[in-house]
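Here is my_file-v9.txt, consisting of compact mmCIF, C-alpha atoms:
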```
# COMPACT_ATOMS: atom_id res chain seq x y z
CA MET N 698 -14.16 -14.48 -19.49
CA SER N 699 -14.43 -15.78 -15.95
CA ALA N 700 -17.66 -16.13 -14.02
CA PHE N 701 -16.41 -13.39 -11.71
CA MET N 702 -15.91 -10.96 -14.58
CA GLU N 703 -19.42 -11.71 -15.84
CA THR N 704 -20.71 -10.91 -12.37
CA PHE N 705 -18.52 -7.81 -12.21
CA SER N 706 -19.84 -6.58 -15.53
CA ARG N 707 -23.43 -7.00 -14.38
CA LEU N 708 -22.81 -5.28 -11.01
CA ARG N 709 -21.00 -2.43 -12.78
CA ASP N 710 -23.77 -1.89 -15.34
CA GLU N 711 -26.38 -1.93 -12.57
CA LYS N 712 -24.20 0.37 -10.42
CA ARG N 713 -24.24 -2.07 -7.52
CA TYR N 714 -20.90 -0.80 -6.27
CA ASP N 715 -21.22 -2.14 -2.71
CA GLU N 716 -21.44 -5.64 -4.09
CA ILE N 717 -18.26 -5.13 -6.12
CA ILE N 718 -16.41 -4.20 -2.91
CA ALA N 719 -17.93 -7.20 -1.16
CA ALA N 720 -16.32 -9.42 -3.82
CA VAL N 721 -12.77 -8.10 -3.23
CA PRO N 722 -11.65 -9.38 0.19
CA TYR N 723 -8.88 -6.86 0.89
CA ALA N 724 -11.08 -3.90 -0.17
CA ARG N 725 -13.70 -5.17 2.26
CA LEU N 726 -11.09 -5.52 5.02
CA MET N 727 -9.99 -1.89 4.52
CA GLY N 728 -13.64 -0.75 4.53
CA VAL N 729 -13.67 0.86 1.06
CA GLU N 730 -16.89 2.33 -0.37
CA PHE N 731 -17.47 3.90 -3.76
CA GLY N 732 -20.14 5.47 -5.90
CA GLU N 733 -20.70 8.32 -8.31
CA ASP N 734 -20.30 12.01 -7.47
CA GLU N 735 -22.63 14.76 -8.82
CA GLN N 736 -20.73 14.72 -12.13
CA GLY N 737 -21.13 10.98 -12.49
CA GLU N 738 -17.42 10.35 -11.81
CA LEU N 739 -16.45 7.50 -9.51
CA LEU N 740 -15.60 8.68 -6.00
CA PHE N 741 -13.88 6.30 -3.59
CA ARG N 742 -14.31 6.67 0.17
CA LEU N 743 -12.51 5.11 3.09
CA PRO N 744 -14.36 5.90 6.35
CA PHE N 745 -12.07 5.95 9.38
CA HIS N 746 -11.51 2.60 11.09
CA GLU N 747 -9.19 2.01 14.04
CA ARG N 748 -7.62 -1.00 12.29
CA ASN N 749 -6.31 1.28 9.50
CA VAL N 750 -4.09 3.32 11.82
CA GLY N 751 -0.30 3.31 11.50
CA ASN N 752 1.23 5.79 13.91
CA VAL N 753 -0.97 5.62 17.00
CA THR N 754 0.27 8.78 18.71
CA LEU N 755 -0.71 11.25 15.96
CA PRO N 756 -2.93 9.21 15.09
CA ALA N 757 -2.41 8.76 11.35
CA LEU N 758 -3.64 6.32 8.72
CA HIS N 759 -0.98 3.73 7.83
CA GLY N 760 0.97 4.80 4.76
CA GLY N 761 0.73 1.33 3.29
CA LEU N 762 -3.03 1.38 3.74
CA ILE N 763 -3.26 4.69 1.86
CA GLY N 764 -1.27 3.01 -0.91
CA GLY N 765 -3.57 -0.01 -0.92
CA PHE N 766 -6.68 2.20 -1.01
CA LEU N 767 -5.34 4.21 -3.97
CA GLU N 768 -4.14 1.17 -5.87
CA ASN N 769 -7.51 -0.50 -5.40
CA ALA N 770 -9.26 2.71 -6.53
CA ALA N 771 -7.13 2.85 -9.69
CA LEU N 772 -7.90 -0.78 -10.56
CA LEU N 773 -11.66 -0.47 -9.98
CA HIS N 774 -11.80 2.88 -11.80
CA LEU N 775 -10.09 1.29 -14.80
CA MET N 776 -12.30 -1.81 -14.71
CA CYS N 777 -15.44 0.37 -14.55
CA ASN N 778 -14.34 2.55 -17.45
CA ARG N 779 -13.37 0.08 -20.14
CA GLU N 780 -15.18 -2.30 -22.39
CA SER N 781 -12.88 -5.30 -22.13
CA LEU N 782 -13.51 -7.66 -19.28
CA GLU N 783 -9.98 -8.91 -18.89
CA THR N 784 -8.70 -8.01 -15.43
CA PRO N 785 -5.91 -5.40 -15.74
CA LYS N 786 -2.66 -6.40 -14.02
CA ILE N 787 -0.75 -3.81 -12.05
CA VAL N 788 2.83 -3.34 -13.27
CA ASP N 789 4.07 -0.55 -11.06
CA PHE N 790 2.72 1.93 -8.56
CA SER N 791 4.28 5.18 -7.41
CA LEU N 792 2.99 7.16 -4.48
CA ASP N 793 3.89 10.56 -3.05
CA TYR N 794 2.82 11.25 0.53
CA LEU N 795 2.02 14.94 0.95
CA ARG N 796 0.27 15.12 4.34
CA SER N 797 -0.46 12.61 7.05
CA GLY N 798 -3.86 10.94 6.83
CA ARG N 799 -5.95 11.99 9.83
CA ALA N 800 -8.60 9.99 11.66
CA GLN N 801 -11.25 11.03 9.13
CA THR N 802 -12.75 9.75 5.88
CA LEU N 803 -10.21 9.57 3.05
CA TYR N 804 -11.46 10.25 -0.48
CA ALA N 805 -9.91 9.36 -3.82
CA GLN N 806 -10.62 10.02 -7.44
CA CYS N 807 -8.81 8.70 -10.52
CA GLU N 808 -8.13 9.79 -14.05
CA ILE N 809 -7.15 7.50 -16.90
CA THR N 810 -4.36 9.50 -18.51
CA LYS N 811 -3.76 6.98 -21.27
CA GLN N 812 -5.39 3.76 -22.31
CA GLY N 813 -3.35 2.12 -25.04
CA LYS N 814 -3.64 -1.33 -26.56
CA ARG N 815 -1.43 -2.98 -23.97
CA VAL N 816 -0.89 -0.48 -21.15
CA ALA N 817 -3.01 2.00 -19.21
CA HIS N 818 -1.72 4.88 -17.08
CA VAL N 819 -3.90 6.05 -14.19
CA LEU N 820 -3.48 9.10 -11.92
CA ILE N 821 -4.95 8.97 -8.43
CA GLU N 822 -5.46 11.76 -5.88
CA ALA N 823 -6.47 11.37 -2.24
CA TRP N 824 -7.73 14.04 0.13
CA GLN N 825 -9.75 14.49 3.31
CA GLU N 826 -11.64 17.68 4.20
CA ASP N 827 -10.18 19.93 1.54
CA ARG N 828 -9.53 18.68 -1.98
CA SER N 829 -6.97 21.45 -2.54
CA LYS N 830 -4.84 19.86 0.22
CA PRO N 831 -4.16 16.33 -1.04
CA VAL N 832 -2.98 13.67 1.40
CA ALA N 833 -1.30 11.70 -1.38
CA VAL N 834 -1.01 11.54 -5.15
CA ALA N 835 -0.14 8.40 -7.04
CA ARG N 836 0.12 6.90 -10.48
CA ALA N 837 -0.06 3.35 -11.70
CA HIS N 838 0.62 1.40 -14.87
CA PHE N 839 -1.57 -1.58 -15.72
CA LEU N 840 -1.12 -4.29 -18.34
CA LEU N 841 -4.39 -4.72 -20.19
CA THR N 842 -3.81 -8.00 -21.99
CA THR N 843 -2.46 -11.32 -20.87
CA GLY N 844 -0.53 -11.78 -24.15
CA ASN N 845 3.28 -11.97 -24.23
CA MET R 527 31.20 -8.13 6.41
CA ILE R 528 27.69 -7.49 7.66
CA GLN R 529 27.32 -4.06 9.25
CA ALA R 530 25.77 -4.24 12.72
CA PRO R 531 22.77 -2.01 13.54
CA ALA R 532 23.74 1.43 14.88
CA ASN R 533 21.73 0.63 18.02
CA PRO R 534 20.63 -3.04 18.12
CA ALA R 535 18.24 -2.53 21.06
CA LEU R 536 16.56 0.37 19.26
CA LEU R 537 16.18 -1.65 16.04
CA GLN R 538 14.64 -4.57 17.93
CA ALA R 539 12.23 -2.24 19.76
CA MET R 540 11.27 -0.44 16.53
CA GLY R 541 10.76 -3.72 14.67
CA GLU R 542 8.39 -4.88 17.38
CA LEU R 543 6.72 -1.46 17.63
CA PHE R 544 6.08 -1.06 13.89
CA VAL R 545 4.34 -4.44 13.58
CA SER R 546 2.20 -3.55 16.63
CA PHE R 547 0.56 -0.63 14.78
CA PRO R 548 -3.15 -1.39 14.30
CA HIS R 549 -3.05 -1.79 10.53
CA CYS R 550 -0.03 -4.12 10.73
CA VAL R 551 -1.86 -6.21 13.35
CA ALA R 552 -4.93 -6.25 11.08
CA LEU R 553 -2.79 -7.67 8.26
CA GLY R 554 -0.91 -10.07 10.57
CA PHE R 555 2.65 -8.77 10.05
CA GLN R 556 5.38 -10.54 12.03
CA TYR R 557 8.85 -9.12 12.71
CA LEU R 558 11.32 -11.97 12.15
CA GLY R 559 14.43 -10.04 13.20
CA ASN R 560 17.31 -8.66 11.23
CA GLU R 561 20.50 -9.65 9.48
CA GLY R 562 22.82 -6.75 10.20
CA ARG R 563 20.85 -3.67 9.22
CA LYS R 564 18.33 -5.58 7.07
CA PRO R 565 15.04 -6.40 8.84
CA THR R 566 12.65 -9.09 7.59
CA LEU R 567 8.86 -9.19 8.00
CA LYS R 568 6.46 -12.00 7.20
CA VAL R 569 2.76 -12.06 6.37
CA GLU R 570 0.83 -15.33 6.10
CA TRP R 571 -1.56 -15.79 3.18
CA ARG R 572 -5.14 -15.21 4.36
CA ASP R 573 -8.35 -15.26 2.37
CA ASP R 574 -9.29 -11.75 3.58
CA LEU R 575 -6.05 -10.33 2.09
CA VAL R 576 -6.92 -11.45 -1.43
CA GLY R 577 -7.24 -8.82 -4.17
CA ASN R 578 -8.30 -11.05 -7.07
CA PRO R 579 -11.12 -13.38 -6.03
CA VAL R 580 -10.65 -15.51 -9.17
CA THR R 581 -6.98 -16.35 -8.63
CA GLY R 582 -6.68 -15.89 -4.85
CA VAL R 583 -3.62 -13.65 -5.32
CA VAL R 584 -2.94 -11.28 -2.40
CA HIS R 585 -3.92 -7.62 -3.00
CA GLY R 586 -1.12 -5.27 -4.03
CA GLY R 587 -2.03 -3.09 -1.05
CA VAL R 588 -0.71 -5.76 1.30
CA ILE R 589 2.61 -5.66 -0.58
CA THR R 590 2.63 -1.84 -0.32
CA SER R 591 1.98 -1.99 3.42
CA ILE R 592 4.67 -4.58 4.15
CA ILE R 593 7.26 -2.74 2.03
CA ASP R 594 6.42 0.60 3.68
CA THR R 595 6.62 -0.93 7.17
CA CYS R 596 9.78 -2.98 6.61
CA SER R 597 11.55 -0.06 4.89
CA GLY R 598 10.74 2.17 7.87
CA ILE R 599 12.26 -0.40 10.24
CA ALA R 600 15.36 -0.52 8.00
CA VAL R 601 15.80 3.23 8.52
CA THR R 602 15.77 2.76 12.29
CA ALA R 603 18.71 0.32 11.92
CA HIS R 604 20.84 3.40 11.17
CA MET R 605 19.69 5.46 14.16
CA ASP R 606 21.80 5.93 17.27
CA GLU R 607 18.81 7.45 19.03
CA LEU R 608 15.08 7.41 18.44
CA GLU R 609 13.75 9.86 15.90
CA THR R 610 10.44 9.97 14.03
CA ILE R 611 10.28 9.30 10.30
CA ALA R 612 7.59 9.71 7.65
CA THR R 613 7.37 8.11 4.21
CA LEU R 614 7.87 10.75 1.53
CA ASP R 615 7.40 8.53 -1.51
CA LEU R 616 7.22 4.90 -2.43
CA ARG R 617 7.40 3.03 -5.71
CA ILE R 618 6.56 -0.63 -6.12
CA ASP R 619 7.39 -2.77 -9.14
CA TYR R 620 5.22 -5.88 -9.31
CA LEU R 621 7.63 -8.40 -10.81
CA LYS R 622 5.31 -11.38 -10.80
CA ALA R 623 2.09 -12.50 -9.13
CA ALA R 624 2.37 -13.83 -5.60
CA THR R 625 1.44 -17.50 -5.18
CA PRO R 626 -1.90 -18.00 -3.39
CA GLY R 627 -1.57 -19.87 -0.12
CA LYS R 628 2.11 -19.02 0.45
CA ALA R 629 3.49 -16.65 3.09
CA ILE R 630 5.18 -13.47 1.82
CA TYR R 631 8.46 -12.21 3.27
CA CYS R 632 9.86 -8.70 2.94
CA THR R 633 13.49 -7.74 3.52
CA ALA R 634 14.53 -4.08 3.37
CA GLU R 635 17.66 -2.00 3.67
CA CYS R 636 18.41 1.68 4.04
CA TYR R 637 21.22 2.24 1.53
CA ARG R 638 21.75 5.94 2.19
CA MET R 639 21.08 7.81 5.43
CA ALA R 640 21.45 11.49 4.54
CA ASN R 641 20.96 14.39 6.94
CA GLN R 642 17.28 14.89 6.22
CA ILE R 643 16.31 11.99 3.96
CA ALA R 644 16.71 8.21 4.23
CA PHE R 645 16.71 6.13 1.01
CA THR R 646 15.52 2.50 1.12
CA ARG R 647 14.98 -0.50 -1.09
CA ALA R 648 13.05 -3.68 -0.35
CA VAL R 649 12.10 -6.99 -1.92
CA CYS R 650 9.10 -9.26 -1.30
CA TYR R 651 9.46 -12.99 -1.95
CA HIS R 652 8.20 -16.45 -1.00
CA ASP R 653 11.29 -18.64 -0.82
CA SER R 654 14.32 -16.52 -1.67
CA PRO R 655 15.06 -12.80 -2.03
CA ASP R 656 16.77 -13.80 -5.30
CA ASP R 657 13.35 -14.73 -6.71
CA PRO R 658 11.33 -11.62 -5.84
CA ILE R 659 7.59 -10.97 -6.28
CA ALA R 660 7.93 -7.22 -5.86
CA HIS R 661 10.62 -4.58 -5.46
CA GLY R 662 10.10 -1.27 -3.68
CA VAL R 663 12.11 1.90 -3.29
CA ALA R 664 11.17 4.61 -0.85
CA THR R 665 12.39 7.82 0.71
CA PHE R 666 11.69 8.90 4.28
CA MET R 667 11.86 12.31 5.91
CA ARG R 668 13.94 12.15 9.06
CA ASP R 669 12.84 13.84 12.28
CA SER R 670 9.41 14.30 10.77
CA ASN R 671 7.50 15.02 13.94
CA PRO R 672 8.41 16.31 17.38
CA LYS R 673 6.02 13.80 18.97
CA PRO R 674 7.83 10.59 19.86
CA MET R 675 6.53 7.36 18.33
CA LEU R 676 6.90 5.70 21.71
CA LEU R 677 4.82 6.90 24.58
CA LYS R 678 4.61 4.01 27.00
CA GLU R 679 6.53 1.31 25.19
CA GLY R 680 9.83 2.83 26.27
CA GLY R 681 11.94 0.81 23.83
CA ALA R 682 14.49 3.54 23.29
```

I'd like the structure from this file rewritten - as structure tokens, please.
Amino acid sequence: MSAFMETFSRLRDEKRYDEIIAAVPYARLMGVEFGEDEQGELLFRLPFHERNVGNVTLPALHGGLIGGFLENAALLHLMCNRESLETPKIVDFSLDYLRSGRAQTLYAQCEITKQGKRVAHVLIEAWQEDRSKPVAVARAHFLLTTGN
Amino acid sequence: MIQAPANPALLQAMGELFVSFPHCVALGFQYLGNEGRKPTLKVEWRDDLVGNPVTGVVHGGVITSIIDTCSGIAVTAHMDELETIATLDLRIDYLKAATPGKAIYCTAECYRMANQIAFTRAVCYHDSPDDPIAHGVATFMRDSNPKPMLLKEGGA
């Protein structure tokens, strides 16, 4: 186990989520925040930042950024909800864009649909003001072991 | 034979426009031009683009952004006139980890321009598209918004 994963495990157990984000450079660049909702489930937030805009005339959040935010959410959700401290490796990521992301906070929540011995499947949903009107839905597969 | 862009001036303008979007500037995307209807983008490795602080490997989100952007430009290579497009879906296969410290290139093509939907595929690589890091397929809605993407740029 790497020194980083030891640190991660401590930050996770102490719920110091801001410090986890601070350790992941691209998550910090996007401006990701996360914590627990009233039910104790992880809720990911991306407050609006000008640098995250794609189409400037709408304006809309960049589609690639939405993908990055959701992929990062899936990885952190998985890492926070499993015992093993091996870093999962993303295998594939599939994203459906349902509405354009407005200049507002984007939220995301994940669900581990399956966690097998070697592979995990995670569903991710993103929304803004109204959860019943998702901006995007995605799913990802992660490899859980570094074996062959 | 390499098929020329439907409107070379439009493709050039769109390539430059897409990388000028704030998030593409934030990530440092460069438009390197096109071979026929296949545009290529480049992003230099930077420590603030890293996803795994142990290995220094670039975050998958950077790959997603460059594939989405380059694939969109590839769609514009088939346009006679400017129209707006919106990504409908995107799938990325992460074939192997990117090498820390090395620039990443993305080359995309639109392999089917239907009436309402454009279908694209893209690869990300360091040295050769034959040795890819990631592969992406996407679909785009054509004529997605009545508002033009260009207001003052006037590239079309």

Centre and edges of the stretch 565-576 of chain R box, axis-aligned, 5 Å extra per side, as AutoDock Vina command-line options:
```
--center_x 2.9 --center_y -11.1 --center_z 3.7 --size_x 34.3 --size_y 19.4 --size_z 20.3
```

Within 9 Å of chain R, which residues of chain N show up? Give each one with its shortest atom-to-atom distance in Å (one decimal) and the two atoms involved, counting all atoms listed in the file, rows by chain then rising residue number, as JSON lines.
```
{"residue": "N:Ser699", "atom": "CA", "partner": "R:Val580", "partner_atom": "CA", "distance": 7.8}
{"residue": "N:Ala700", "atom": "CA", "partner": "R:Val580", "partner_atom": "CA", "distance": 8.5}
{"residue": "N:Phe701", "atom": "CA", "partner": "R:Val580", "partner_atom": "CA", "distance": 6.6}
{"residue": "N:Met702", "atom": "CA", "partner": "R:Val580", "partner_atom": "CA", "distance": 8.8}
{"residue": "N:Ala720", "atom": "CA", "partner": "R:Pro579", "partner_atom": "CA", "distance": 6.9}
{"residue": "N:Val721", "atom": "CA", "partner": "R:Gly577", "partner_atom": "CA", "distance": 5.7}
{"residue": "N:Pro722", "atom": "CA", "partner": "R:Asp574", "partner_atom": "CA", "distance": 4.8}
{"residue": "N:Tyr723", "atom": "CA", "partner": "R:Leu575", "partner_atom": "CA", "distance": 4.6}
{"residue": "N:Ala724", "atom": "CA", "partner": "R:Gly577", "partner_atom": "CA", "distance": 7.4}
{"residue": "N:Arg725", "atom": "CA", "partner": "R:Asp574", "partner_atom": "CA", "distance": 8.0}
{"residue": "N:Leu726", "atom": "CA", "partner": "R:Asp574", "partner_atom": "CA", "distance": 6.6}
{"residue": "N:Glu747", "atom": "CA", "partner": "R:Pro548", "partner_atom": "CA", "distance": 6.9}
{"residue": "N:Arg748", "atom": "CA", "partner": "R:Pro548", "partner_atom": "CA", "distance": 4.9}
{"residue": "N:Asn749", "atom": "CA", "partner": "R:His549", "partner_atom": "CA", "distance": 4.6}
{"residue": "N:Val750", "atom": "CA", "partner": "R:His549", "partner_atom": "CA", "distance": 5.4}
{"residue": "N:Gly751", "atom": "CA", "partner": "R:Phe547", "partner_atom": "CA", "distance": 5.2}
{"residue": "N:Asn752", "atom": "CA", "partner": "R:Phe547", "partner_atom": "CA", "distance": 6.5}
{"residue": "N:Val753", "atom": "CA", "partner": "R:Phe547", "partner_atom": "CA", "distance": 6.8}
{"residue": "N:Thr754", "atom": "CA", "partner": "R:Met675", "partner_atom": "CA", "distance": 6.4}
{"residue": "N:Leu755", "atom": "CA", "partner": "R:Lys673", "partner_atom": "CA", "distance": 7.8}
{"residue": "N:Leu758", "atom": "CA", "partner": "R:His549", "partner_atom": "CA", "distance": 8.3}
{"residue": "N:His759", "atom": "CA", "partner": "R:His549", "partner_atom": "CA", "distance": 6.5}
{"residue": "N:Gly760", "atom": "CA", "partner": "R:Asp594", "partner_atom": "CA", "distance": 7.0}
{"residue": "N:Gly761", "atom": "CA", "partner": "R:Ser591", "partner_atom": "CA", "distance": 3.5}
{"residue": "N:Leu762", "atom": "CA", "partner": "R:Ser591", "partner_atom": "CA", "distance": 6.0}
{"residue": "N:Ile763", "atom": "CA", "partner": "R:Gly587", "partner_atom": "CA", "distance": 8.4}
{"residue": "N:Gly764", "atom": "CA", "partner": "R:Gly587", "partner_atom": "CA", "distance": 6.1}
{"residue": "N:Gly765", "atom": "CA", "partner": "R:Gly587", "partner_atom": "CA", "distance": 3.4}
{"residue": "N:Phe766", "atom": "CA", "partner": "R:Gly587", "partner_atom": "CA", "distance": 7.0}
{"residue": "N:Leu767", "atom": "CA", "partner": "R:Gly587", "partner_atom": "CA", "distance": 8.5}
{"residue": "N:Glu768", "atom": "CA", "partner": "R:Gly587", "partner_atom": "CA", "distance": 6.8}
{"residue": "N:Asn769", "atom": "CA", "partner": "R:Gly587", "partner_atom": "CA", "distance": 7.5}
{"residue": "N:Thr784", "atom": "CA", "partner": "R:Asn578", "partner_atom": "CA", "distance": 8.9}
{"residue": "N:Ile787", "atom": "CA", "partner": "R:Tyr620", "partner_atom": "CA", "distance": 6.9}
{"residue": "N:Val788", "atom": "CA", "partner": "R:Tyr620", "partner_atom": "CA", "distance": 5.3}
{"residue": "N:Asp789", "atom": "CA", "partner": "R:Asp619", "partner_atom": "CA", "distance": 4.4}
{"residue": "N:Phe790", "atom": "CA", "partner": "R:Ile618", "partner_atom": "CA", "distance": 5.2}
{"residue": "N:Ser791", "atom": "CA", "partner": "R:Arg617", "partner_atom": "CA", "distance": 4.2}
{"residue": "N:Leu792", "atom": "CA", "partner": "R:Leu616", "partner_atom": "CA", "distance": 5.2}
{"residue": "N:Asp793", "atom": "CA", "partner": "R:Asp615", "partner_atom": "CA", "distance": 4.3}
{"residue": "N:Tyr794", "atom": "CA", "partner": "R:Leu614", "partner_atom": "CA", "distance": 5.2}
{"residue": "N:Leu795", "atom": "CA", "partner": "R:Leu614", "partner_atom": "CA", "distance": 7.2}
{"residue": "N:Ser797", "atom": "CA", "partner": "R:Ala612", "partner_atom": "CA", "distance": 8.6}
```

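In this comparison, which uses only C-alpha atoms, the residue of N:Ala833, N:Leu820, N:Ala757, N:Ile717 approaching N:Leu773 most closely is N:Ile717.
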
Discussion item. As a VMD selection string, please: the residues near R:Leu567 (cut-off 6 Å, only C-alpha atoms, same-chain neighbours under 3 positions excluded).
Written reply: chain R and resid 556 to 558 631 to 632

Item to complete: Identify, on the basis of all atoms listed in the file, every residue whose closest approach to R:Ala603 does not exceed 10 Å; exclude the query and any residue fewer than 5 positions from it along the same chain; express the result as a list in words.
Response: Ala530, Pro531, Ala532, Asn533, Pro534, Ala535, Leu536, Leu537, Gln538, Met540, Gly541, Asn560, Gly562, Arg563, Lys564, Pro565, Gly598, Glu635 and Cys636 of chain R

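The closest residue to N:Arg707, picked from N:Leu782, N:Phe745, N:Val729, N:Arg815 and counting all atoms listed in the file, is N:Leu782.
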
Practice prompt. Tell me, as a list in words, which residues lie within 10 Å of N:Gln801, counting only C-alpha atoms; anything in the same chain fewer than 2 positions away does not count.
Written response: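 Contacts, in chain order: Leu743, Pro744, Phe745, His746, Ala757, Leu758, Gly798, Arg799, Leu803, Tyr804, Gln825 and Glu826 of chain N.
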
Prev. selection, C-alpha atoms, output as an mmCIF file, keeping the file's coordinate frame:
```
data_model
loop_
_atom_site.group_PDB
_atom_site.id
_atom_site.type_symbol
_atom_site.label_atom_id
_atom_site.label_comp_id
_atom_site.auth_asym_id
_atom_site.auth_seq_id
_atom_site.Cartn_x
_atom_site.Cartn_y
_atom_site.Cartn_z
ATOM 1 C CA LEU N 743 -12.510 5.110 3.090
ATOM 2 C CA PRO N 744 -14.360 5.900 6.350
ATOM 3 C CA PHE N 745 -12.070 5.950 9.380
ATOM 4 C CA HIS N 746 -11.510 2.600 11.090
ATOM 5 C CA ALA N 757 -2.410 8.760 11.350
ATOM 6 C CA LEU N 758 -3.640 6.320 8.720
ATOM 7 C CA GLY N 798 -3.860 10.940 6.830
ATOM 8 C CA ARG N 799 -5.950 11.990 9.830
ATOM 9 C CA LEU N 803 -10.210 9.570 3.050
ATOM 10 C CA TYR N 804 -11.460 10.250 -0.480
ATOM 11 C CA GLN N 825 -9.750 14.490 3.310
ATOM 12 C CA GLU N 826 -11.640 17.680 4.200
#
```

Fill in: Computed interatomic separation between atom CA of R:Ala634 and atom CA of R:Val649 (Å)
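So the answer is 6.5 Å.
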
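Residue nearest R:Gly627, chosen from R:Thr646, R:Gln529, R:Thr581, R:Asn641 and counting all atoms listed in the file: R:Thr581.
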
Fill in: Point-to-point distance from atom CA of R:Glu542 to atom CA of R:Thr633, Å rounded to tenths
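Atom CA of R:Glu542 sits 15.0 Å away from atom CA of R:Thr633.
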
Item to complete: Could you check how far atom CA of N:Thr842 sits from atom CA of R:Pro626, in Å to one decimal?
Response: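 According to the coordinates, atom CA of N:Thr842 and atom CA of R:Pro626 are separated by 21.2 Å.
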
Practice prompt. Give the answer as one residue: which of N:Leu840, N:Cys777, N:Leu772, N:Ala805 has the shortest atom-to-atom distance to N:Asp827, using all atoms listed in the file?
Written response: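 For N:Asp827, the nearest of the given residues is N:Ala805.
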
Worksheet item: Which one of R:Lys568, R:Lys628, R:Arg668, R:His652 sits closest to R:Cys596 if you count all atoms listed in the file?
Response: R:Lys568

Practice prompt. Go through N:Asn778, N:Thr810, N:Thr802, N:Thr843 one by one, measure the shortest atom-to-atom distance of each to N:Ala823 using only C-alpha atoms, and give the residue with the smallest value.
Written response: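 The closest residue to N:Ala823 is N:Thr802.
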